[in-house]
Number of protein chains: 2
Amino acid sequence: MEEYVVRPIGVVRSALKDPADAPKQGALTGQEAEIVVDPAYLPALEGLDPAKGKIIVMCWMHRADRDRRKVHPRGQEDRPERGVFSTRSPHRPNPVSLHTVTLLSIEGNVLRVRGMDSVDGTPVVDIKSHSPELDG
Amino acid sequence: MEEYVVRPIGVVRSALKDPADAPKQGALTGQEAEIVVDPAYLPALEGLDPAKGKIIVMCWMHRADRDRRKVHPRGQEDRPERGVFSTRSPHRPNPVSLHTVTLLSIEGNVLRVRGMDSVDGTPVVDIKSHSPELDG
């Protein structure tokens, strides 16, 4: 099948520096982070509004192992391995992460969000509006 | 920033042949489709179970216009243009789509799902478990 090229549109800035420090699911922790968007994409941010509720952020988990087919869920080695497509493990053939986060503020090309477990320096692939009806 | 390569792990098979026929949001229509996974990834499917609720499917919208920064929401030209990152438009710099769908059945490498608005032939990038707590 044809391949496609992901060109990051921004980067995560976070106090989380090491994957080992990251909570298994940031949405449950309230971790805050910044999404610094490449200024070339400023027009694409128009319409994002903290008053409109949650947003979806997709990242490229650049430290993931793309060759893993099975993992212990949540890294707990006492649990039997499962196929990566039945988990939220970062290790998967195309390591695109999915974060439903609260948009706290926007200043220029910097979005401040809550509920983001990505480590500092993670490339950002996409931002979308969240819909409880579609995504819940 | 560094670029990354997406290698599709499967393809959508659907009665929807043309983007013009696709509903604006398939999750609201109950459209059924098949996800045909490359047999090389069969081990990664283990643990997926129709009894466990919804799953997330990500696709690469290969017909999208990656250079668009603003769109009319839902293609309605009477509505003012907005930045693509505040919408669910397929037109975006990295056209990764997000589908929260009901897993109806699995037979070998073929997943039958409900709530999928992608057209026939759309490359599939990833499959994840859905979590109402994380994603709702």
# chains A, B, ... in the order shown; residues from 1 in each chain; ligands from 1
$ residues_around --residues "Leu42 of chain B" --least-positions-apart "4" --cutoff "8 Å" --atoms "only C-alpha atoms" --output "ChimeraX atom specification"
/B:37-38,46,108-109
$ residues_around --residues "His99 of chain B" --least-positions-apart "3" --cutoff "7 Å" --atoms "only C-alpha atoms" --output "VMD selection string"
chain B and resid 56 to 58 116
$ interface_residues --of "chain B" --to "chain A" --cutoff "7 Å" --atoms "only C-alpha atoms" --output "ChimeraX atom specification"
/B:1,3-8,27,43-48,69-70,82-88,94,100,125-129,132,134-136
$ residues_around --residues "Ala33 of chain B" --least-positions-apart "6" --cutoff "7 Å" --atoms "only C-alpha atoms" --output "PDB file with N, CA, C and O atoms, in the first residue's frame"
ATOM      1  N   VAL B  12     -10.425   0.462   4.165  1.00  0.00           N
ATOM      2  CA  VAL B  12     -11.874   0.462   4.388  1.00  0.00           C
ATOM      3  C   VAL B  12     -12.583  -0.110   3.163  1.00  0.00           C
ATOM      4  O   VAL B  12     -12.267   0.274   2.029  1.00  0.00           O
ATOM      5  N   ARG B  13     -13.508  -1.028   3.397  1.00  0.00           N
ATOM      6  CA  ARG B  13     -14.398  -1.500   2.337  1.00  0.00           C
ATOM      7  C   ARG B  13     -15.809  -1.068   2.682  1.00  0.00           C
ATOM      8  O   ARG B  13     -16.311  -1.383   3.763  1.00  0.00           O
ATOM      9  N   SER B  14     -16.419  -0.290   1.801  1.00  0.00           N
ATOM     10  CA  SER B  14     -17.704   0.326   2.121  1.00  0.00           C
ATOM     11  C   SER B  14     -18.539   0.483   0.864  1.00  0.00           C
ATOM     12  O   SER B  14     -17.992   0.572  -0.251  1.00  0.00           O
ATOM     13  N   ARG B 112     -15.979  -5.937  11.049  1.00  0.00           N
ATOM     14  CA  ARG B 112     -17.197  -5.272  10.584  1.00  0.00           C
ATOM     15  C   ARG B 112     -17.592  -4.242  11.642  1.00  0.00           C
ATOM     16  O   ARG B 112     -17.664  -4.556  12.830  1.00  0.00           O
ATOM     17  N   VAL B 113     -17.834  -2.987  11.197  1.00  0.00           N
ATOM     18  CA  VAL B 113     -18.107  -1.905  12.142  1.00  0.00           C
ATOM     19  C   VAL B 113     -19.332  -1.102  11.701  1.00  0.00           C
ATOM     20  O   VAL B 113     -19.700  -1.098  10.531  1.00  0.00           O
ATOM     21  N   ARG B 114     -19.931  -0.405  12.669  1.00  0.00           N
ATOM     22  CA  ARG B 114     -21.071   0.471  12.380  1.00  0.00           C
ATOM     23  C   ARG B 114     -20.709   1.894  12.808  1.00  0.00           C
ATOM     24  O   ARG B 114     -20.174   2.094  13.902  1.00  0.00           O
ATOM     25  N   MET B 116     -19.254   4.276  10.397  1.00  0.00           N
ATOM     26  CA  MET B 116     -18.011   4.578   9.676  1.00  0.00           C
ATOM     27  C   MET B 116     -18.362   5.287   8.376  1.00  0.00           C
ATOM     28  O   MET B 116     -18.991   4.699   7.492  1.00  0.00           O
TER      29      MET B 116
END
$ atom_distance --atom1 "atom CA of Pro90 of chain A" --atom2 "atom CA of Gly121 of chain A"
15.3 Å
